[in-house]
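Below is input35.txt, holding compact mmCIF, C-alpha atoms.
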# COMPACT_ATOMS: atom_id res chain seq x y z
CA MET H 17 -81.68 144.22 12.09
CA LEU H 18 -82.69 147.26 10.07
CA ASP H 19 -86.40 147.98 10.48
CA LYS H 20 -87.65 150.44 7.88
CA SER H 21 -90.97 150.66 9.68
CA SER H 22 -89.23 152.42 12.57
CA ILE H 23 -88.16 155.21 10.26
CA LYS H 24 -90.69 157.95 9.82
CA GLY H 25 -89.67 158.66 6.24
CA SER H 26 -88.40 161.87 4.72
CA LYS H 27 -90.54 164.78 3.69
CA GLU H 28 -90.54 163.47 0.13
CA ASN H 29 -93.49 161.63 -1.38
CA LYS H 30 -91.68 158.31 -1.13
CA SER H 31 -91.98 156.58 2.25
CA ALA H 32 -89.13 154.85 4.03
CA ARG H 33 -90.58 151.42 3.20
CA GLU H 34 -90.49 152.23 -0.52
CA CYS H 35 -86.90 153.48 -0.52
CA LEU H 36 -84.40 151.31 -2.36
CA ILE H 37 -81.16 151.00 -0.43
CA ALA H 38 -77.91 149.90 -2.06
CA VAL H 39 -74.56 149.05 -0.47
CA VAL H 40 -71.38 149.73 -2.44
CA ILE H 41 -68.27 147.73 -1.51
CA PRO H 42 -64.98 148.56 -3.29
CA CYS H 43 -62.57 145.63 -3.10
CA TYR H 44 -58.83 145.22 -3.50
CA ARG H 45 -57.05 142.22 -1.95
CA GLU H 46 -60.04 141.34 0.26
CA LYS H 47 -60.89 137.91 -1.11
CA SER H 48 -60.51 136.22 2.28
CA LYS H 49 -63.08 138.43 4.03
CA ILE H 50 -65.55 139.61 1.42
CA LEU H 51 -67.98 136.66 1.66
CA ASP H 52 -68.26 137.04 5.44
CA VAL H 53 -69.04 140.73 4.96
CA LEU H 54 -71.74 139.96 2.38
CA LEU H 55 -73.37 137.37 4.64
CA LYS H 56 -73.70 139.90 7.46
CA ILE H 57 -75.54 142.52 5.42
CA ASP H 58 -79.16 142.81 6.53
CA SER H 59 -81.87 141.29 4.33
CA THR H 60 -83.66 144.66 4.15
CA ILE H 61 -80.85 146.00 1.93
CA ASP H 62 -82.05 145.85 -1.67
CA LYS H 63 -78.81 145.80 -3.68
CA ILE H 64 -75.17 145.01 -2.93
CA ILE H 65 -72.64 146.24 -5.47
CA VAL H 66 -69.14 144.76 -5.26
CA ILE H 67 -66.45 146.60 -7.24
CA ASP H 68 -63.36 144.58 -8.11
CA ASP H 69 -60.75 147.30 -8.58
CA ALA H 70 -58.46 145.17 -10.77
CA CYS H 71 -57.74 143.02 -7.73
CA PRO H 72 -54.88 140.54 -8.32
CA GLU H 73 -56.84 138.02 -6.22
CA LYS H 74 -59.81 138.37 -8.61
CA THR H 75 -62.17 139.15 -5.75
CA GLY H 76 -65.03 139.98 -8.12
CA GLU H 77 -64.79 136.64 -9.91
CA TYR H 78 -64.60 134.88 -6.54
CA VAL H 79 -67.76 136.64 -5.33
CA ALA H 80 -69.63 135.89 -8.56
CA LYS H 81 -68.84 132.17 -8.23
CA ASN H 82 -69.37 131.73 -4.50
CA SER H 83 -72.07 134.18 -3.45
CA ILE H 84 -75.63 132.91 -3.84
CA ASP H 85 -77.18 136.18 -2.72
CA PRO H 86 -79.37 137.47 -5.60
CA ARG H 87 -78.85 141.04 -4.41
CA VAL H 88 -75.13 140.95 -5.23
CA LEU H 89 -73.86 142.57 -8.43
CA VAL H 90 -70.20 142.62 -9.42
CA VAL H 91 -68.51 145.47 -11.29
CA THR H 92 -64.96 144.74 -12.49
CA HIS H 93 -62.29 147.29 -13.39
CA SER H 94 -59.70 146.33 -16.00
CA GLN H 95 -57.27 148.81 -14.40
CA ASN H 96 -56.87 149.82 -10.78
CA GLN H 97 -58.53 153.19 -10.15
CA GLY H 98 -58.03 153.53 -6.40
CA VAL H 99 -60.59 153.40 -3.62
CA GLY H 100 -62.20 156.63 -4.82
CA GLY H 101 -62.46 155.46 -8.41
CA ALA H 102 -63.95 152.13 -7.31
CA THR H 103 -66.47 153.86 -5.07
CA ILE H 104 -67.51 156.24 -7.84
CA SER H 105 -68.11 153.27 -10.16
CA GLY H 106 -70.29 151.76 -7.46
CA TYR H 107 -72.17 155.04 -7.02
CA LYS H 108 -72.87 155.25 -10.74
CA LYS H 109 -74.14 151.67 -10.80
CA ALA H 110 -76.37 152.35 -7.79
CA LEU H 111 -77.84 155.39 -9.55
CA GLU H 112 -78.52 153.26 -12.64
CA LEU H 113 -80.50 150.94 -10.36
CA ASN H 114 -82.53 153.92 -9.07
CA SER H 115 -81.27 153.51 -5.52
CA ASP H 116 -82.60 156.13 -3.11
CA VAL H 117 -79.87 155.83 -0.47
CA ILE H 118 -76.40 154.49 -1.22
CA VAL H 119 -74.19 153.15 1.56
CA LYS H 120 -70.46 152.75 1.04
CA MET H 121 -68.44 150.36 3.18
CA ASP H 122 -65.18 148.43 2.89
CA GLY H 123 -64.86 144.71 2.35
CA ASP H 124 -62.13 144.09 4.93
CA GLY H 125 -64.45 143.28 7.81
CA GLN H 126 -63.52 146.39 9.81
CA MET H 127 -66.98 147.94 9.47
CA ASP H 128 -69.90 146.51 11.43
CA THR H 129 -72.81 145.98 9.04
CA LYS H 130 -75.19 146.56 11.97
CA ASN H 131 -74.34 150.26 11.68
CA ILE H 132 -75.91 150.52 8.21
CA GLY H 133 -79.27 151.27 9.80
CA LYS H 134 -77.75 154.07 11.88
CA LEU H 135 -76.26 155.63 8.76
CA ILE H 136 -79.38 155.65 6.62
CA LYS H 137 -81.90 156.62 9.32
CA PRO H 138 -81.04 160.37 9.44
CA ILE H 139 -81.27 160.50 5.63
CA LEU H 140 -84.63 158.75 5.43
CA ASN H 141 -85.93 160.92 8.26
CA GLY H 142 -84.96 164.03 6.29
CA ASP H 143 -82.39 165.16 8.86
CA ALA H 144 -79.24 164.77 6.74
CA ASP H 145 -78.05 164.43 3.15
CA TYR H 146 -74.85 162.49 3.90
CA THR H 147 -73.82 160.51 6.95
CA LYS H 148 -70.48 159.06 7.95
CA GLY H 149 -68.98 157.06 10.75
CA ASN H 150 -67.01 158.65 13.56
CA ARG H 151 -64.70 156.31 15.46
CA PHE H 152 -63.56 159.10 17.80
CA TYR H 153 -66.92 159.78 19.45
CA SER H 154 -66.15 157.64 22.50
CA PRO H 155 -62.58 157.79 23.91
CA ASP H 156 -63.00 154.22 25.17
CA ASN H 157 -63.15 152.96 21.59
CA LEU H 158 -59.76 154.40 20.66
CA SER H 159 -57.71 151.84 22.59
CA THR H 160 -58.01 149.38 19.70
CA MET H 161 -56.95 151.90 17.05
CA PRO H 162 -53.30 151.67 15.89
CA LYS H 163 -51.35 154.71 17.11
CA SER H 164 -50.28 155.69 13.60
CA ARG H 165 -53.91 155.82 12.49
CA LEU H 166 -54.89 157.76 15.60
CA ILE H 167 -52.25 160.44 15.03
CA GLY H 168 -52.91 160.54 11.30
CA ASN H 169 -56.65 160.95 11.76
CA LEU H 170 -56.19 163.75 14.29
CA LEU H 171 -54.04 165.71 11.84
CA LEU H 172 -56.23 164.95 8.83
CA SER H 173 -59.42 165.82 10.71
CA PHE H 174 -58.26 169.35 11.47
CA ALA H 175 -57.06 169.89 7.90
CA SER H 176 -60.36 168.54 6.59
CA LYS H 177 -62.35 170.92 8.79
CA MET H 178 -60.65 173.87 7.09
CA SER H 179 -60.86 172.55 3.54
CA SER H 180 -64.42 171.21 3.74
CA GLY H 181 -66.06 173.81 5.98
CA TYR H 182 -67.61 171.10 8.15
CA TRP H 183 -66.10 172.25 11.43
CA ARG H 184 -68.22 169.90 13.56
CA ILE H 185 -67.32 166.78 11.59
CA PHE H 186 -64.48 164.49 12.68
CA ASP H 187 -62.76 161.36 11.36
CA PRO H 188 -62.82 162.47 7.68
CA THR H 189 -61.08 159.35 6.37
CA ASN H 190 -63.84 157.08 7.67
CA GLY H 191 -65.16 155.26 4.62
CA PHE H 192 -68.40 154.02 6.17
CA THR H 193 -70.87 156.49 4.65
CA ALA H 194 -74.37 156.92 3.24
CA ILE H 195 -75.73 159.50 0.81
CA HIS H 196 -79.08 160.42 -0.70
CA ASN H 197 -79.25 159.81 -4.45
CA LYS H 198 -80.49 163.33 -5.21
CA VAL H 199 -77.45 164.84 -3.51
CA LEU H 200 -75.12 162.36 -5.20
CA LYS H 201 -76.47 163.43 -8.59
CA GLU H 202 -75.46 167.03 -7.80
CA LEU H 203 -71.80 166.10 -7.28
CA PRO H 204 -69.23 166.18 -10.11
CA LEU H 205 -68.27 162.53 -9.64
CA ASP H 206 -65.62 162.55 -12.35
CA LYS H 207 -63.80 165.42 -10.61
CA ILE H 208 -63.64 163.84 -7.15
CA SER H 209 -60.24 162.50 -6.09
CA LYS H 210 -59.87 158.80 -6.88
CA ASP H 211 -57.19 157.96 -4.31
CA TYR H 212 -57.27 157.88 -0.49
CA PHE H 213 -58.18 161.58 -0.48
CA PHE H 214 -61.61 160.56 -1.77
CA GLU H 215 -63.51 160.88 1.54
CA SER H 216 -62.02 164.32 2.29
CA ASP H 217 -62.71 165.54 -1.24
CA MET H 218 -66.30 164.28 -0.95
CA LEU H 219 -66.80 166.51 2.09
CA PHE H 220 -65.44 169.51 0.18
CA ARG H 221 -67.80 168.84 -2.75
CA LEU H 222 -70.74 168.34 -0.40
CA ASN H 223 -70.09 171.70 1.25
CA ILE H 224 -70.14 173.42 -2.13
CA THR H 225 -73.62 171.96 -2.69
CA ARG H 226 -74.62 173.04 0.87
CA ALA H 227 -75.45 169.46 1.88
CA VAL H 228 -75.96 168.57 5.54
CA VAL H 229 -73.41 166.05 6.84
CA CYS H 230 -73.96 164.09 10.04
CA ASP H 231 -71.47 162.08 12.10
CA ILE H 232 -72.65 158.68 13.34
CA PRO H 233 -70.78 157.30 16.39
CA MET H 234 -69.40 153.80 15.89
CA LYS H 235 -66.71 151.59 17.30
CA ALA H 236 -63.37 151.06 15.60
CA ILE H 237 -62.79 147.42 14.62
CA TYR H 238 -59.23 146.23 14.09
CA ALA H 239 -57.74 142.76 14.01
CA ASP H 240 -54.03 141.93 13.88
CA GLU H 241 -53.34 143.69 10.58
CA THR H 242 -50.63 146.33 10.34
CA SER H 243 -51.78 149.86 9.65
CA THR H 244 -51.23 150.91 6.05
CA LEU H 245 -51.56 154.60 6.89
CA LYS H 246 -48.11 156.06 6.29
CA ILE H 247 -48.09 159.67 7.47
CA SER H 248 -44.80 160.39 5.71
CA LYS H 249 -46.27 159.34 2.35
CA ILE H 250 -49.60 161.14 2.50
CA LEU H 251 -48.62 164.29 4.42
CA MET H 252 -47.43 166.38 1.47
CA PRO H 253 -49.98 165.19 -1.15
CA PHE H 254 -52.89 165.58 1.28
CA SER H 255 -51.64 168.97 2.51
CA LYS H 256 -51.45 170.27 -1.05
CA LYS H 257 -54.96 169.07 -1.86
CA HIS H 258 -56.39 170.49 1.36
CA ILE H 259 -54.83 173.90 0.67
CA ILE H 260 -56.26 173.91 -2.86
CA ASN H 261 -59.72 173.02 -1.52
CA VAL H 262 -59.53 175.75 1.13
CA PHE H 263 -58.97 178.39 -1.55
CA LYS H 264 -61.67 176.91 -3.80
CA ARG H 265 -64.25 176.76 -1.03
CA ILE H 266 -63.62 180.27 0.27
CA THR H 267 -63.54 181.76 -3.22
CA TYR H 268 -66.82 180.12 -4.20
CA ASN H 269 -68.72 180.57 -0.93
CA TYR H 270 -67.60 184.11 -0.09
CA PHE H 271 -66.83 185.80 -3.40
CA LEU H 272 -68.77 184.03 -6.17
CA ARG H 273 -71.96 182.62 -4.64
CA ASP H 274 -72.19 185.36 -2.01
CA PHE H 275 -70.47 188.51 -0.80
CA SER H 276 -71.14 189.33 2.84
CA ILE H 277 -69.61 191.07 5.83
CA ALA H 278 -67.47 187.94 6.29
CA SER H 279 -66.01 188.48 2.82
CA ILE H 280 -65.04 192.04 3.77
CA GLU H 281 -63.57 190.85 7.08
CA LEU H 282 -61.41 188.29 5.28
CA LEU H 283 -60.14 190.77 2.69
CA ALA H 284 -59.47 193.47 5.28
CA SER H 285 -57.68 191.05 7.61
CA ILE H 286 -55.34 189.86 4.86
CA ILE H 287 -54.52 193.41 3.75
CA LEU H 288 -53.94 194.69 7.29
CA ILE H 289 -51.83 191.74 8.42
CA LEU H 290 -49.66 191.81 5.30
CA PHE H 291 -49.19 195.57 5.62
CA GLY H 292 -48.20 195.27 9.27
CA VAL H 293 -45.77 192.42 8.62
CA PHE H 294 -44.08 194.02 5.60
CA TYR H 295 -43.93 197.49 7.14
CA GLY H 296 -42.64 196.14 10.45
CA THR H 297 -40.02 194.00 8.71
CA GLN H 298 -38.86 196.93 6.60
CA GLU H 299 -38.52 199.22 9.62
CA TRP H 300 -36.74 196.52 11.59
CA LEU H 301 -34.18 196.06 8.82
CA ILE H 302 -33.60 199.82 8.64
CA SER H 303 -33.22 200.01 12.41
CA SER H 304 -30.78 197.08 12.52
CA GLN H 305 -28.65 198.58 9.75
CA THR H 306 -28.54 202.14 11.12
CA GLY H 307 -28.47 201.28 14.80
CA ILE H 308 -31.26 203.79 15.41
CA PRO H 309 -34.15 202.32 17.45
CA ALA H 310 -37.60 202.53 15.90
CA THR H 311 -39.86 205.15 17.43
CA ALA H 312 -43.01 204.28 19.36
CA GLY H 313 -45.09 205.61 16.49
CA THR H 314 -43.35 203.31 14.03
CA VAL H 315 -43.97 200.31 16.28
CA ILE H 316 -47.65 201.21 16.62
CA ILE H 317 -48.05 201.65 12.85
CA ALA H 318 -46.64 198.14 12.36
CA ALA H 319 -48.41 196.43 15.28
CA LEU H 320 -51.87 197.98 15.09
CA PRO H 321 -52.77 196.65 11.60
CA ILE H 322 -51.64 193.17 12.67
CA LEU H 323 -53.80 193.29 15.81
CA VAL H 324 -56.86 194.62 13.99
CA GLY H 325 -56.32 192.22 11.09
CA SER H 326 -56.06 189.28 13.49
CA GLN H 327 -59.34 190.26 15.16
CA LEU H 328 -61.05 190.52 11.78
CA PHE H 329 -59.69 187.13 10.75
CA ILE H 330 -60.96 185.55 13.99
CA SER H 331 -64.35 187.13 13.31
CA PHE H 332 -64.31 185.61 9.81
CA LEU H 333 -63.46 182.17 11.23
CA ASN H 334 -66.34 182.47 13.67
CA PHE H 335 -68.67 183.25 10.76
CA ASP H 336 -67.28 180.33 8.74
CA VAL H 337 -67.78 177.88 11.60
CA ASN H 338 -71.41 178.95 11.94
CA TYR H 339 -71.91 178.90 8.16
CA GLU H 340 -71.85 175.10 8.14
CA PRO H 341 -74.95 173.78 6.29
CA ASP H 342 -77.78 172.88 8.67
CA LYS H 343 -80.80 172.41 6.37
CA PRO H 344 -80.93 169.22 4.25
CA ILE H 345 -81.20 169.91 0.53
CA HIS H 346 -82.38 166.57 -0.87
CA ASN H 347 -86.01 167.47 -0.13
CA LYS H 348 -85.63 170.50 -2.39
CA LEU H 349 -83.94 168.82 -5.34
Spit out the file's structure as C-alpha cells when you get a sec.
Amino acid sequence: MLDKSSIKGSKENKSARECLIAVVIPCYREKSKILDVLLKIDSTIDKIIVIDDACPEKTGEYVAKNSIDPRVLVVTHSQNQGVGGATISGYKKALELNSDVIVKMDGDGQMDTKNIGKLIKPILNGDADYTKGNRFYSPDNLSTMPKSRLIGNLLLSFASKMSSGYWRIFDPTNGFTAIHNKVLKELPLDKISKDYFFESDMLFRLNITRAVVCDIPMKAIYADETSTLKISKILMPFSKKHIINVFKRITYNYFLRDFSIASIELLASIILILFGVFYGTQEWLISSQTGIPATAGTVIIAALPILVGSQLFISFLNFDVNYEPDKPIHNKL
C-alpha cells in the first residue's frame, strides 16, 4: 500500500500528503482486464483517468457502467490516436484536474499496481522529474519475457540512449511511468509521437528540458499472450525517428543552447574523419588504376586524420554520457 507519510516531500511548499496523484490508463481492446486493474489501484491514488482510444470493444463505456469507483473518469476518443495520443489526452485531463504527479500505466494487467508507489516516491522526494520502469534490472526476471520482446528492447534501448541522451536509462519502451506536472507542462505535448514511439520520444523531449529521469526496477509480467512486438515492422520507422532525434538533440544541446569544447571536438572529428576517408579513397583509386603503390607519406596523411578524428569523437561521446541531467528541474519551475 502506498503510504504518503513515508515520503519526505519535495523541496516545494506542497507536502507529499497534499500532492494529488492521478493514474492515466490508455485502453484499446482491454475490456476483459481493465476492471481488475482498476480494483488493484491503491486507495491513496486521487484520480484514475481511463482513455478509450476508439476501442471496438467500447472499453470506456464498459468501465463507466461497471466501475463504482468515484475516482474513475473516462475520456473517449472518436478516432483511434495510438497509445501516445491516448496517453497525451490523459495527461491533459490530469493537468486540468491539477494533478501534481501523473502516473501512466497500461490496462492489460501486465503492470503491477504495487509499483506505483515506487514510481512516485523519487518525484515527491525531489530526486527525479520523471520515473519509468526497468524490467531488465534483474536478469532473473527476464526468463518470463518473450524472446522477441527481449531482443527488440535490447536494440531499441541502445538506439534510445543515443537519441535521448539518457545513457544510463534502459528499457525505453516501458510504459509504466510517472512525471511531475510542472515538467509535463514544459513539454510540447502536441509534437510528441502518438504511436508506439511515444515513450522514446518522451525521453528525447525530457532531455531537451534537462529533466532528471530515473529507472525503477520492476518485474516483467506476462501471461500466455503472444508478443505484438514485430521487429521487422518497427525497425525502419523507429530507426528513422531515432536518427532525426539524435541530430535534433545534438544541434540544440551543443550548438544552440550551448557551445563548448565538446562542440569543437564533434565538429573537428567529423571534418578530420571525412577528410581521411575521402583522401584515402581517392589515393587508393589512383593507386589501383596506375599500379603504383601509395607512399608512406600518403598513407599517413590519410590515416592520421582518421585516428585523431576518432579520438576526438570518443572524447565527445564521453562528454555526452556525462552531460546527462542530474539535477531535478521541477523545484525550479
> What lies within 9 Å of H:Val66 using all atoms listed in the file, ignoring chain neighbours under 3 positions off, as a ChimeraX atom specification?
Replying inline: /H:39-43,75-76,79,88-92,106,123
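With all atoms listed in the file as the basis for measurement, H:Pro138 is the residue among H:Pro155, H:Gly325, H:Pro138, H:Pro86 that approaches H:Ile232 most closely.
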>> Which residues are near stretch 304-316 of chain H? Cut-off 12 Å, all atoms listed in the file, ignore same chain within fewer than 6 positions. Put them as a list of chain:residue names.
In response: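 My reading of the contact set: H:Gly292, H:Val293, H:Tyr295, H:Gly296, H:Thr297, H:Gln298, H:Ile322, H:Leu323, H:Val324.
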> Which residue gives the smallest distance to H:Phe332 among H:Ala110, H:Ile302, H:Ile286, H:Leu349, with all atoms listed in the file counted?
Replying inline: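 Closest residue, counting all atoms listed in the file: H:Ile286.
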>> Give me, as a ChimeraX atom specification, all polymer residues having an atom no more than 8 Å from H:Ser180, counting all atoms listed in the file and skipping those fewer than 4 positions away in the same chain.
In response: /H:176,216-217,219-221,223,261-262,265
>> Env of H:Asp342: 10 Å cut, atoms = only C-alpha atoms, seq-sep filter 2 positions within chain, self excluded. Answer as an MDAnalysis selection string.
In response: chainID H and resid 143:144 226:230 338:340 344:345
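Checking H:Met234, H:Ile287, H:Ala38, H:Ile317 one by one against H:Ser59, counting all atoms listed in the file, you find the shortest gap at H:Ala38.
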Determine, using all atoms listed in the file, which residues of stretch 56-142 of chain H have any atom at most 6 Å from an atom of stretch 185-204 of chain H, and tabulate each with its shortest atom pair and distance in Å to one decimal place, rows ordered by chain and then rising number, as a tab-separated table.
residue	atom	partner	partner_atom	distance
H:Asp116	CA	H:Asn197	CA	5.2
H:Val117	CA	H:His196	CA	4.7
H:Ile118	CA	H:Ile195	CA	5.4
H:Val119	CA	H:Ala194	CA	4.1
H:Lys120	CA	H:Thr193	CA	5.2
H:Met121	CA	H:Phe192	CA	4.7
H:Leu135	CA	H:Ala194	CA	6.0
For those residues, write C-alpha atoms to a file as an mmCIF file, in the frame of the given file.
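Result saved to again_35.cif:
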data_model
loop_
_atom_site.group_PDB
_atom_site.id
_atom_site.type_symbol
_atom_site.label_atom_id
_atom_site.label_comp_id
_atom_site.auth_asym_id
_atom_site.auth_seq_id
_atom_site.Cartn_x
_atom_site.Cartn_y
_atom_site.Cartn_z
ATOM 1 C CA ASP H 116 -82.600 156.130 -3.110
ATOM 2 C CA VAL H 117 -79.870 155.830 -0.470
ATOM 3 C CA ILE H 118 -76.400 154.490 -1.220
ATOM 4 C CA VAL H 119 -74.190 153.150 1.560
ATOM 5 C CA LYS H 120 -70.460 152.750 1.040
ATOM 6 C CA MET H 121 -68.440 150.360 3.180
ATOM 7 C CA LEU H 135 -76.260 155.630 8.760
#
> Within 7 Å of H:Leu328, counting all atoms listed in the file, which residues qualify if same-chain residues fewer than 6 places away don't, as a VMD selection string?
Replying inline: chain H and resid 281 to 282 285
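Counting all atoms listed in the file, the residue from H:Asp122, H:Met178, H:Glu77, H:Pro233 that sits nearest to H:Lys134 is H:Pro233.
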> At what distance in Å, to one decimal, does atom CA of H:Leu51 lie from atom CA of H:Ser83?
Replying inline: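 Spanning atom CA of H:Ser83 to atom CA of H:Leu51 is a straight-line distance of 7.0 Å.
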> atom CA of H:Cys35 to atom CA of H:Ile64: how many Å, to one decimal?
Replying inline: 14.7 Å
>> Please determine, counting all atoms listed in the file, which residue among H:Leu55, H:Ala70, H:Leu166, H:Met127 has the shortest atom-to-atom distance to H:Ala236.
In response: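 Counting all atoms listed in the file, the residue closest to H:Ala236 is H:Met127.
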> If you measure from atom CA of H:Gly100 to atom CA of H:Arg165, what distance in Å do you get, rounded to one decimal?
Replying inline: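 Spanning atom CA of H:Gly100 to atom CA of H:Arg165 is a straight-line distance of 19.2 Å.
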>> So, with all atoms listed in the file as the atoms that count, which of H:Ala102, H:Leu283, H:Ile250, H:Leu170 lies closest to H:Tyr270?
In response: H:Leu283
